[in-house]
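Before any comments, here is the structure.
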Amino acid sequence: MSVSEKFILPDSLIGKRIVKMDAPEKAEGKTRYIHDINLPGQLHGKILRSARVHARIVSIDTRAARALPGVHAVITAADVPDQRPIGVARDHLPLKSDRVRSQRDEIAAVAADSEEIAARALGLIKVEYEDLPVLADPEDSRKPGAPVLHEAHPDNVAMRFDYAHGDVAQGEAESDVVIEDSFRLHYVTHCCMGVSGIIAEFDASGGLLMYSNTQVPFLHKREFADYLNMDPSRVRIVQPPIGGGFGSKLDIYPFEVIAVFLARAAKRPVKLQFTREEEFLASPTRQPVLLTLRSGCKRDGTLTFRQVHTLHDNGAYTSWGATTPFVMMQTFSSLYRVPHCDYHTVAVYTNNPYAGSFRGYGNLQATFAIEQHMDMLAEAIGMEPLEFRLKNAQDAGEVTGQGMVFKSCGFKECLTTAATRSGYSAKRKQNIADRTAPGAIKRGIGMASMLHVGGGAKIYPSDGCGTILKLDDFAHVTLITGASEIGQGSETVLSQLVCEELGLPMSAVTVVNNDTAITPWDVGVHASRTTFIAGNSAIGAAKKAKAKILAAAAKKLGVAEAELDLRGGWVIRAADGEALQDLPRLLRSLHFSDKADLVMTTFYYEPPSVHQDKGYKGDVSAAYAWATQVVEVEVDTETGVVRMTRVTGAHDVGRVLNRLGIEGQIEGGVVMGQGYALTENLLVENGVMKNPNFRDYKLVTAPEIPEMDVSFIESMDGEGPQGAKGVGEAPAICIAAATANAIQNATGVRIFDLPFTPERVYRALKGKGEKLHWKPV
Amino acid sequence: MTEIEHYAAPVTLDEAVECLQQVGEVTILAGGTDLMPQQRSGRLKPQRTLMNIRGMTELRGVSQSGGEIHIGALTTITELLEDPLVREHLPALIEACDHFASDQIRNAATIGGNICNASPAGDTLVPLLALDAQVELVSKPDGALFRRSMPIAEFFVGPGKTRRAPVELLAGVSIPVPPKDHFGRFFKFGTRPALDISTISIGLCGVLEGGVLSKVRVAFGAVAATPVRAFRTEAALEGRALTAATIAAAAAAARDEVTPIDDVRATAWYRKELIHNMTKRILDHVAQA
Amino acid sequence: MSLKHDIDFTLNGVRTRATVRVDMSALELLRDTLGLTGTKYGCGEGECGACTILVDGVSMNSCLMFAVDCHGRRLVTIEGLAADQAGKRAEALSAAFVEHGAVQCGFCTPGMMVQASHLLDKHPHADSEAIKRGIEGNICRCTGYKKIVDAIASVTD
């Protein structure tokens, strides 16, 4: 803060490329992730998992394991009679007692001096099983004679969702074209580079400290207290930097509770971390979906209705995957203007892996079906697919049949921007003409759009976030926020918003965001809510601080508050930017005076969204976001290999805050979508995972990525921080749908199931693809 | 993991084969890129002695003599990629090395390890077959070094199984220097340039003179229990003019002669289709070159 | 009890001795025995590159190396990369990763940095295609690789 600068010109941070605050430390390998943390006296925990997919546990003999030197504790269900069922539907015990229902089921656990000893101890535990018939196909779950997996659900139905707006019978009657198709969406998994882990420690007075990578620390705190029959105020969660989240850490998993049980039994801290194979086996997947969509439109291009039935494979236990219908029905009811919509999901238990929350949360699956139908309907009525979409895309101010109010809406601009920048219409026509040209490689271009919440989602009693802000005697800001950082750069964007408000450089902020003993409540990192909600919370606290500072400065300088502003670490005259008072000095004069005071403020922001009613209707988010992506491919018709050459995306983000950060989120999401569309496939046969490793589960590698062209549509949301909306999940959502359309453009062949591996595509080209026809029972 | 009771790190070939002769049950460690994951997963049970041969520099390097190129067993894949003799004379082998795993693995993995691992999908094995390579095995049965050679086509017995006796060490491979007008191609199917275990791979070598093929060698990977020579496909090409009809017949012969299996990577039907289509594609490229 | 063996090697420029289990990997040696946690466990099977280190000047997956095979060799990990690369290139690479937004969760970053450093050593003029091939053995789940490639490209000659 140079004294010689008399006139401080405004220099906004908004929209600039701001370097991520923890990047330098990460680039030097100094960041300590949970795997790198070791507590004095800690033991290593390991879990014995089921050798069977579905079986009665006849006996467990742990004597040899207990006797192994270096083993401090061995526990089974019998040792924790107070254990309670956990998870979204409270339907599984951390340690299984009488029955295992899936390959990953936890039978016993060991705490030992080293991982090696713990692993050997697991090998000494003898389990006797009595096999039960395996329920591997969700279509079999409700057939007569199907094994009942949970006594409380004799029909094997874990959850049901039924939604309607308008009258689909009327919609169908009004349609000139009606199409119906079934789609199969497959198992993929998060593959965070850092595997799951936890450290649990009880302090001298019985309080519990957990080092956890949870994305929902405050919800966890309360739930753990419930499971362990403890006072919630005695549970503390510290969040080390995370090696990736993507929604994988939104539920409570058996391994976490087991680690706490081990710590309790051994009376020592216990660290438990997965191997990569265990990460595959025991982490939740994306929700696989079998879906039949019936859509209609009029000859003039107006959409009339959508009728959807889905069968969700709930797996052996219920996690967030079963609730993806909350998001899916929003897409079916409101992506494009749909007067009549009918949506039904049945989620059934099977002995398969269970699904959790994963970036996009059902929206990828829904969009895959909808956007293929958009192309197919357009073709049926002879309308250009872009024109068809523009005709049905909503504008700002519209309210959907589900009650979502689109206050800011850049949908049409997304469509036209992506189409124009990619040369969509001309290329599409050329590719159709080139189908009959010589040469094995065919080019295709396809488009898809997405709608997702951009201002949180009111599913808990509160969707809010708290901030505590303090300035020290040197104008250094400590920003204490409930919002977790999971690699997406939230700490940087929150600092940016605060610095913008207080006219300070990014170097003036330290963020504290990872200790429930210190930070105020936040519901968690999900639903692309952090920038919007934590951002508004941080701005609220910063505004209060600014008001206090300017009031003190006004008094000191003898001018009106309204004439002043903060810039560059100075109190300035707003009209001409003249520097009047250096901020650190002002703060010290506030502190060391007769009426000593510090600048410390708080703010809790609750977005103005509402809970949905019993019919799932309501304005569930404070803002909504759109994106259109145009995917270009080259299909090698002699092998079926699909190369994704280019992705042109236009994203309605409200306002770009950190340009560097938001680009990174988009690019990462696009490549995650590419994996979902082309390469990733978790193979499960009879409940057994066939490829729980990177050798055979194919993540996208650097040479495979497409060229990426990203545009931002700034629709300036009135409620969003500086006009911004959430974007974390958006870029992954419509890639698979656009790719399906691109493959169809290239080859004339449409494929309704994923992923588009070379063999699947080749079979489809040869007319050997299986066309699904699924009718709900 | 089973207990390893003895660790040896010989510096000379003599020491190494002496150890093999005396001890018998030895796991050989070269680059370790196959050994470590196999032991960790339990696919390979370690023997009581672990012998690290990486220090035997006499087994490293590429040289030319007597009309042959000799490659030491401990030559790494990266060293092969950078070697001027290999680059000049053995482009099919270079192509296979370029599509091998990743840079990090190429820097450690050895050609000897790749050969002895005898994967049906082994990347370097297919071009070696098509190049008429001979493997050199060394042992010390009667107190003196004994060497024997074998065509690589005879070396593989099954997945992970070779004709190397437990007392023998693979010292290297020898490849006849290809004549003028020789072409060598390698194709590995995949969606990635590397870091893929091949679904199918094809090695095709021969002499094209005046539009007529001779000395044709065709090898396939990942379509049988071992990498194999495709004798019927070779017969459909040997001595023939490289025309569209020849190419079509050869591709058909290739599809008919392979017996792949279904596995997590692909079905047998698809592998056959790929063999057909890619054999045709390679031959088309040779014809147009 | 597993057989133990003494090894003597150079680690980040410092002569180091250790007693290791014969079946131990170099990654376990670094993280568990020597407490250098900058090198990461990503998969343990050589498929992700998070464990990349330099061995005698070339990059390798430390999860695939036997600890005993470190004997007599010169190892450099992320902790010693700056010092090893005579300060210049590693610093520039580190700054480039930060400036270009190539770091999100950061878990793949140490492995990427070491691999990028080795790549630039061998190919100081690498173009973006060569860079992508050069890091094909390093998986990132967050960034989509684009900014990583841009960062490395900005440090080429």
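Naming scheme: A, B, ... for chains in displayed order of the structure tokens; residues 1 onward per chain; ligands 1 onward as shown.
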- request: With a distance threshold of 7 Å and counting only C-alpha atoms, extract the residues of chain A near chain C and express them as number ranges by chain.
  value: A: 19-20, 23-24, 26-30, 36, 192-194, 242-244, 276, 486-489, 660-661, 664-665, 667-668, 671, 694-695, 701-703
query: Skipping near chain neighbours, those fewer than 3 positions away, what residues fall within 6 Å of Val511 (chain A) using only C-alpha atoms, listed as number ranges by chain?
result: A: 478-480
- request: May I have all residues of region 4-157 of chain C that DSSP, computed from the backbone, assigns to helix (DSSP H, G or I), given as number ranges by chain?
  value: C: 26-33, 67-70, 78-84, 88-99, 109-122, 128-134, 146-153
Next, the residues of the selection above should be written as a CSV table (one decimal), in the first residue's frame with C-alpha atoms.
chain,number,residue,atom,x,y,z
C,26,ALA,CA,10.1,-47.7,-3.0
C,27,LEU,CA,6.9,-45.7,-2.4
C,28,GLU,CA,6.4,-47.3,1.0
C,29,LEU,CA,10.1,-46.7,1.8
C,30,LEU,CA,9.6,-43.0,1.0
C,31,ARG,CA,6.3,-42.4,2.7
C,32,ASP,CA,6.3,-44.8,5.7
C,33,THR,CA,10.0,-45.3,6.5
C,67,ALA,CA,12.8,-50.7,-2.1
C,68,VAL,CA,15.9,-52.9,-2.3
C,69,ASP,CA,16.3,-51.8,-5.9
C,70,CYS,CA,17.1,-48.3,-4.6
C,78,ILE,CA,9.0,-33.7,-5.3
C,79,GLU,CA,10.6,-32.5,-2.1
C,80,GLY,CA,14.0,-32.4,-3.7
C,81,LEU,CA,12.9,-31.4,-7.3
C,82,ALA,CA,13.7,-27.7,-7.0
C,83,ALA,CA,17.2,-28.4,-5.7
C,84,ASP,CA,17.9,-31.1,-8.1
C,88,LYS,CA,15.7,-23.1,-12.4
C,89,ARG,CA,13.3,-25.3,-14.2
C,90,ALA,CA,11.5,-26.7,-11.2
C,91,GLU,CA,10.8,-23.3,-9.9
C,92,ALA,CA,9.5,-22.1,-13.3
C,93,LEU,CA,7.4,-25.2,-13.6
C,94,SER,CA,6.0,-24.7,-10.1
C,95,ALA,CA,5.1,-21.1,-10.9
C,96,ALA,CA,3.6,-22.1,-14.2
C,97,PHE,CA,1.4,-24.7,-12.6
C,98,VAL,CA,0.1,-22.1,-10.1
C,99,GLU,CA,-0.3,-19.3,-12.7
C,109,THR,CA,0.4,-32.5,-8.8
C,110,PRO,CA,3.6,-33.9,-7.3
C,111,GLY,CA,3.6,-36.8,-9.8
C,112,MET,CA,2.8,-34.4,-12.6
C,113,MET,CA,5.5,-32.0,-11.6
C,114,VAL,CA,8.2,-34.7,-11.5
C,115,GLN,CA,7.1,-36.2,-14.8
C,116,ALA,CA,6.9,-32.8,-16.4
C,117,SER,CA,10.3,-32.0,-15.2
C,118,HIS,CA,11.7,-35.2,-16.7
C,119,LEU,CA,9.8,-34.6,-19.9
C,120,LEU,CA,11.2,-31.1,-20.3
C,121,ASP,CA,14.7,-32.5,-19.6
C,122,LYS,CA,14.4,-34.9,-22.5
C,128,SER,CA,1.4,-29.7,-26.8
C,129,GLU,CA,0.9,-33.1,-28.5
C,130,ALA,CA,4.2,-34.3,-27.2
C,131,ILE,CA,3.4,-33.0,-23.8
C,132,LYS,CA,0.1,-34.9,-23.7
C,133,ARG,CA,1.9,-38.1,-24.7
C,134,GLY,CA,4.6,-37.3,-22.1
C,146,LYS,CA,-5.8,-28.6,-20.4
C,147,LYS,CA,-4.3,-26.2,-17.9
C,148,ILE,CA,-1.6,-28.7,-17.0
C,149,VAL,CA,-0.5,-29.0,-20.6
C,150,ASP,CA,-0.6,-25.2,-20.9
C,151,ALA,CA,1.5,-24.8,-17.8
C,152,ILE,CA,4.1,-27.2,-19.1
C,153,ALA,CA,4.1,-25.7,-22.6
Nearby residues (only C-alpha atoms) at most 12 Å from region 76-78 of chain B, same-chain spacing under 5 positions excluded, as an NGL selection string: (:B and (30-33 or 54 or 57 or 59-62 or 71 or 83 or 86-87 or 93-115 or 123-124 or 172)) or (:C and (58-60 or 122))
- prompt: When the cut-off is 7 Å and we count only C-alpha atoms, which residues of chain B are near chain A, given as a list of chain:residue names?
  reply: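 Close enough to count are B:Thr191, B:Arg192, B:Tyr270, B:Leu274, B:Asn277.
Residue neighbourhood of Ala322 (chain A), excluding near-sequence residues (fewer than 4 positions): A:Val88, A:Ala89, A:Ala158, A:Met159, A:Arg160, A:Phe161, A:Gln287, A:Pro288, A:His312, A:Asp313, A:Asn314, A:Gly315, A:Tyr317, A:Thr318, A:Phe326, A:Thr345, A:Val346, A:Ala347, A:Val348, A:Tyr354, A:Ala355, A:Gly356, A:Ser357, A:Gly362, at 10 Å, using only C-alpha atoms.
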Residue among B:Glu5, B:Ser201, B:Asn52, B:Val17 lying closest to Met65 (chain C), counting only C-alpha atoms: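 Among the listed residues, the smallest separation from Met65 (chain C) belongs to B:Asn52.
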message: Can you tell me which residues surround Phe220 (chain B) at a distance of at most 7 Å, considering only C-alpha atoms, apart from same-chain residues fewer than 4 positions away, and format the answer as JSON, numbers by chain?
response: {"B": [126, 201, 202, 203, 227, 228, 229, 230]}
Those selected residues, please, written with N, CA and C atoms and delivered as a short mmCIF file (atom, residue, chain, number, x, y, z; two decimals), in the first residue's frame.
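Saved to again.cif:
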data_model
loop_
_atom_site.label_atom_id
_atom_site.label_comp_id
_atom_site.auth_asym_id
_atom_site.auth_seq_id
_atom_site.Cartn_x
_atom_site.Cartn_y
_atom_site.Cartn_z
N VAL B 126 4.93 -59.21 -30.22
CA VAL B 126 4.37 -59.36 -31.57
C VAL B 126 5.36 -58.92 -32.65
N SER B 201 -3.34 -56.94 -31.22
CA SER B 201 -2.22 -56.24 -31.84
C SER B 201 -1.74 -57.06 -33.03
N ILE B 202 -1.14 -56.36 -33.97
CA ILE B 202 -0.72 -57.01 -35.23
C ILE B 202 0.69 -56.57 -35.57
N GLY B 203 1.52 -57.52 -35.92
CA GLY B 203 2.85 -57.23 -36.44
C GLY B 203 2.92 -57.78 -37.84
N PRO B 227 1.21 -64.89 -27.85
CA PRO B 227 1.31 -64.18 -29.14
C PRO B 227 1.66 -65.23 -30.19
N VAL B 228 1.08 -65.12 -31.36
CA VAL B 228 1.24 -66.20 -32.34
C VAL B 228 1.59 -65.70 -33.73
N ARG B 229 2.27 -66.57 -34.47
CA ARG B 229 2.46 -66.33 -35.90
C ARG B 229 1.18 -66.77 -36.60
N ALA B 230 0.78 -66.00 -37.59
CA ALA B 230 -0.45 -66.32 -38.33
C ALA B 230 -0.04 -66.96 -39.65
#
Just list as a PDB file with N, CA and C atoms, in the first residue's frame whatever in region 23-109 of chain C DSSP marks as strand (DSSP E or B).
ATOM      1  N   SER C  25       7.828 -51.651  -1.352  1.00  0.00           N
ATOM      2  CA  SER C  25       8.019 -50.851  -2.563  1.00  0.00           C
ATOM      3  C   SER C  25       8.794 -49.584  -2.214  1.00  0.00           C
ATOM      4  N   THR C  52       5.145 -40.855  -9.015  1.00  0.00           N
ATOM      5  CA  THR C  52       6.315 -40.665  -9.880  1.00  0.00           C
ATOM      6  C   THR C  52       7.464 -39.985  -9.154  1.00  0.00           C
ATOM      7  N   ILE C  53       8.653 -40.552  -9.293  1.00  0.00           N
ATOM      8  CA  ILE C  53       9.880 -39.959  -8.762  1.00  0.00           C
ATOM      9  C   ILE C  53      10.941 -40.051  -9.857  1.00  0.00           C
ATOM     10  N   LEU C  54      12.076 -39.422  -9.638  1.00  0.00           N
ATOM     11  CA  LEU C  54      13.197 -39.569 -10.564  1.00  0.00           C
ATOM     12  C   LEU C  54      14.182 -40.572  -9.976  1.00  0.00           C
ATOM     13  N   VAL C  55      14.640 -41.508 -10.806  1.00  0.00           N
ATOM     14  CA  VAL C  55      15.630 -42.487 -10.387  1.00  0.00           C
ATOM     15  C   VAL C  55      16.771 -42.431 -11.398  1.00  0.00           C
ATOM     16  N   VAL C  58      15.796 -40.471 -14.508  1.00  0.00           N
ATOM     17  CA  VAL C  58      14.604 -40.734 -15.305  1.00  0.00           C
ATOM     18  C   VAL C  58      13.407 -40.978 -14.392  1.00  0.00           C
ATOM     19  N   SER C  59      12.235 -40.715 -14.932  1.00  0.00           N
ATOM     20  CA  SER C  59      11.024 -40.830 -14.110  1.00  0.00           C
ATOM     21  C   SER C  59      10.573 -42.280 -14.030  1.00  0.00           C
ATOM     22  N   MET C  60      10.089 -42.657 -12.843  1.00  0.00           N
ATOM     23  CA  MET C  60       9.584 -44.020 -12.651  1.00  0.00           C
ATOM     24  C   MET C  60       8.444 -44.000 -11.648  1.00  0.00           C
ATOM     25  N   ASN C  61       7.591 -45.011 -11.695  1.00  0.00           N
ATOM     26  CA  ASN C  61       6.546 -45.179 -10.690  1.00  0.00           C
ATOM     27  C   ASN C  61       7.163 -45.854  -9.466  1.00  0.00           C
ATOM     28  N   PHE C  66      10.966 -52.007  -6.283  1.00  0.00           N
ATOM     29  CA  PHE C  66      11.270 -52.615  -4.994  1.00  0.00           C
ATOM     30  C   PHE C  66      12.199 -51.676  -4.244  1.00  0.00           C
ATOM     31  N   ARG C  74      20.271 -42.935  -7.375  1.00  0.00           N
ATOM     32  CA  ARG C  74      20.072 -41.535  -7.002  1.00  0.00           C
ATOM     33  C   ARG C  74      18.589 -41.215  -7.193  1.00  0.00           C
ATOM     34  N   LEU C  75      17.909 -41.019  -6.074  1.00  0.00           N
ATOM     35  CA  LEU C  75      16.479 -40.744  -6.126  1.00  0.00           C
ATOM     36  C   LEU C  75      16.200 -39.264  -5.893  1.00  0.00           C
ATOM     37  N   VAL C  76      15.220 -38.754  -6.635  1.00  0.00           N
ATOM     38  CA  VAL C  76      14.750 -37.390  -6.384  1.00  0.00           C
ATOM     39  C   VAL C  76      13.238 -37.436  -6.306  1.00  0.00           C
TER      40      VAL C  76
END
statement: In terms of only C-alpha atoms, the residue from B:Ile152, B:Leu145, B:Leu170, B:Ala194 at minimal distance from chain C is B:Ala194
task: Please provide as a ChimeraX atom specification all residues within 8 Å of region 459-465 of chain A, with the sequence filter that same-chain residues fewer than 5 positions apart are discarded (counting only C-alpha atoms).
output: /A:481-483,520-523,533-534,537,604-607,611-612,620
Mind writing the picked residues with C-alpha atoms as a PDB file, in the first residue's frame?
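Below you can see part.pdb, which holds the result:
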ATOM      1  CA  THR A 481     -16.491 -19.951   6.668  1.00  0.00           C
ATOM      2  CA  GLY A 482     -18.555 -23.075   7.078  1.00  0.00           C
ATOM      3  CA  ALA A 483     -18.045 -23.918   3.400  1.00  0.00           C
ATOM      4  CA  PRO A 520     -20.053 -21.646  11.601  1.00  0.00           C
ATOM      5  CA  TRP A 521     -22.633 -24.021  10.174  1.00  0.00           C
ATOM      6  CA  ASP A 522     -22.923 -24.790   6.501  1.00  0.00           C
ATOM      7  CA  VAL A 523     -25.101 -27.548   5.116  1.00  0.00           C
ATOM      8  CA  ILE A 533     -24.547 -19.388  -0.769  1.00  0.00           C
ATOM      9  CA  ALA A 534     -21.193 -19.228   0.964  1.00  0.00           C
ATOM     10  CA  SER A 537     -22.649 -15.223   3.322  1.00  0.00           C
ATOM     11  CA  TYR A 604     -25.664 -16.223   8.073  1.00  0.00           C
ATOM     12  CA  TYR A 605     -27.138 -16.379   4.599  1.00  0.00           C
ATOM     13  CA  GLU A 606     -30.250 -18.422   3.917  1.00  0.00           C
ATOM     14  CA  PRO A 607     -31.185 -18.400   0.232  1.00  0.00           C
ATOM     15  CA  HIS A 611     -38.922 -26.516   0.259  1.00  0.00           C
ATOM     16  CA  GLN A 612     -40.822 -28.476  -2.298  1.00  0.00           C
ATOM     17  CA  VAL A 620     -36.303 -25.219  -4.681  1.00  0.00           C
TER      18      VAL A 620
END
- prompt: Which of these, B:Cys116, B:Leu20, B:Ile197, B:Leu80, has the shortest distance to chain C once you count only C-alpha atoms?
  reply: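 The answer is B:Ile197, which sits nearest to chain C.
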Need to verify the contact set: region 212-217 of chain A, 9 Å, only C-alpha atoms, exclusion of same-chain residues closer than 6 positions in sequence. Can you return it as an mmCIF file with C-alpha atoms, in the first residue's frame?
data_model
loop_
_atom_site.group_PDB
_atom_site.id
_atom_site.type_symbol
_atom_site.label_atom_id
_atom_site.label_comp_id
_atom_site.auth_asym_id
_atom_site.auth_seq_id
_atom_site.Cartn_x
_atom_site.Cartn_y
_atom_site.Cartn_z
ATOM 1 C CA ILE A 34 -5.358 -37.219 5.251
ATOM 2 C CA SER A 196 -10.876 -42.586 1.203
ATOM 3 C CA GLY A 197 -9.509 -42.378 4.699
ATOM 4 C CA ILE A 198 -10.286 -41.315 8.237
ATOM 5 C CA ILE A 199 -8.462 -40.810 11.518
ATOM 6 C CA ALA A 200 -10.512 -41.154 14.699
ATOM 7 C CA ARG A 236 -15.343 -32.402 16.314
ATOM 8 C CA ILE A 237 -14.479 -32.824 12.641
ATOM 9 C CA VAL A 238 -11.317 -31.466 11.102
ATOM 10 C CA GLN A 239 -11.071 -31.568 7.319
ATOM 11 C CA PRO A 240 -7.605 -31.987 5.841
ATOM 12 C CA PRO A 241 -7.186 -30.995 2.194
ATOM 13 C CA ILE A 242 -9.054 -33.481 0.071
ATOM 14 C CA GLY A 243 -7.804 -35.482 -2.901
ATOM 15 C CA GLY A 245 -14.698 -35.209 -3.815
ATOM 16 C CA GLY A 247 -19.983 -35.905 -4.371
ATOM 17 C CA SER A 248 -18.438 -39.106 -3.055
ATOM 18 C CA LYS A 249 -18.288 -37.856 0.502
ATOM 19 C CA LEU A 250 -21.848 -36.807 1.192
ATOM 20 C CA ASP A 251 -23.074 -39.827 3.128
ATOM 21 C CA ILE A 252 -21.792 -41.634 6.185
ATOM 22 C CA GLU A 256 -15.980 -44.173 9.165
ATOM 23 C CA GLY A 482 -18.555 -23.075 7.078
ATOM 24 C CA ALA A 483 -18.045 -23.918 3.400
ATOM 25 C CA SER A 484 -15.591 -26.716 2.728
ATOM 26 C CA GLU A 485 -12.980 -26.573 0.018
ATOM 27 C CA ILE A 486 -12.893 -29.766 -2.038
ATOM 28 C CA ASN A 514 -11.946 -26.912 8.018
ATOM 29 C CA ASP A 515 -12.764 -27.312 11.696
ATOM 30 C CA THR A 516 -16.274 -27.693 13.086
ATOM 31 C CA TRP A 521 -22.633 -24.021 10.174
ATOM 32 C CA ASP A 522 -22.923 -24.790 6.501
ATOM 33 C CA VAL A 523 -25.101 -27.548 5.116
ATOM 34 C CA GLY A 524 -22.291 -28.829 2.871
ATOM 35 C CA VAL A 525 -20.658 -28.881 -0.523
ATOM 36 C CA HIS A 526 -23.246 -30.231 -2.927
#
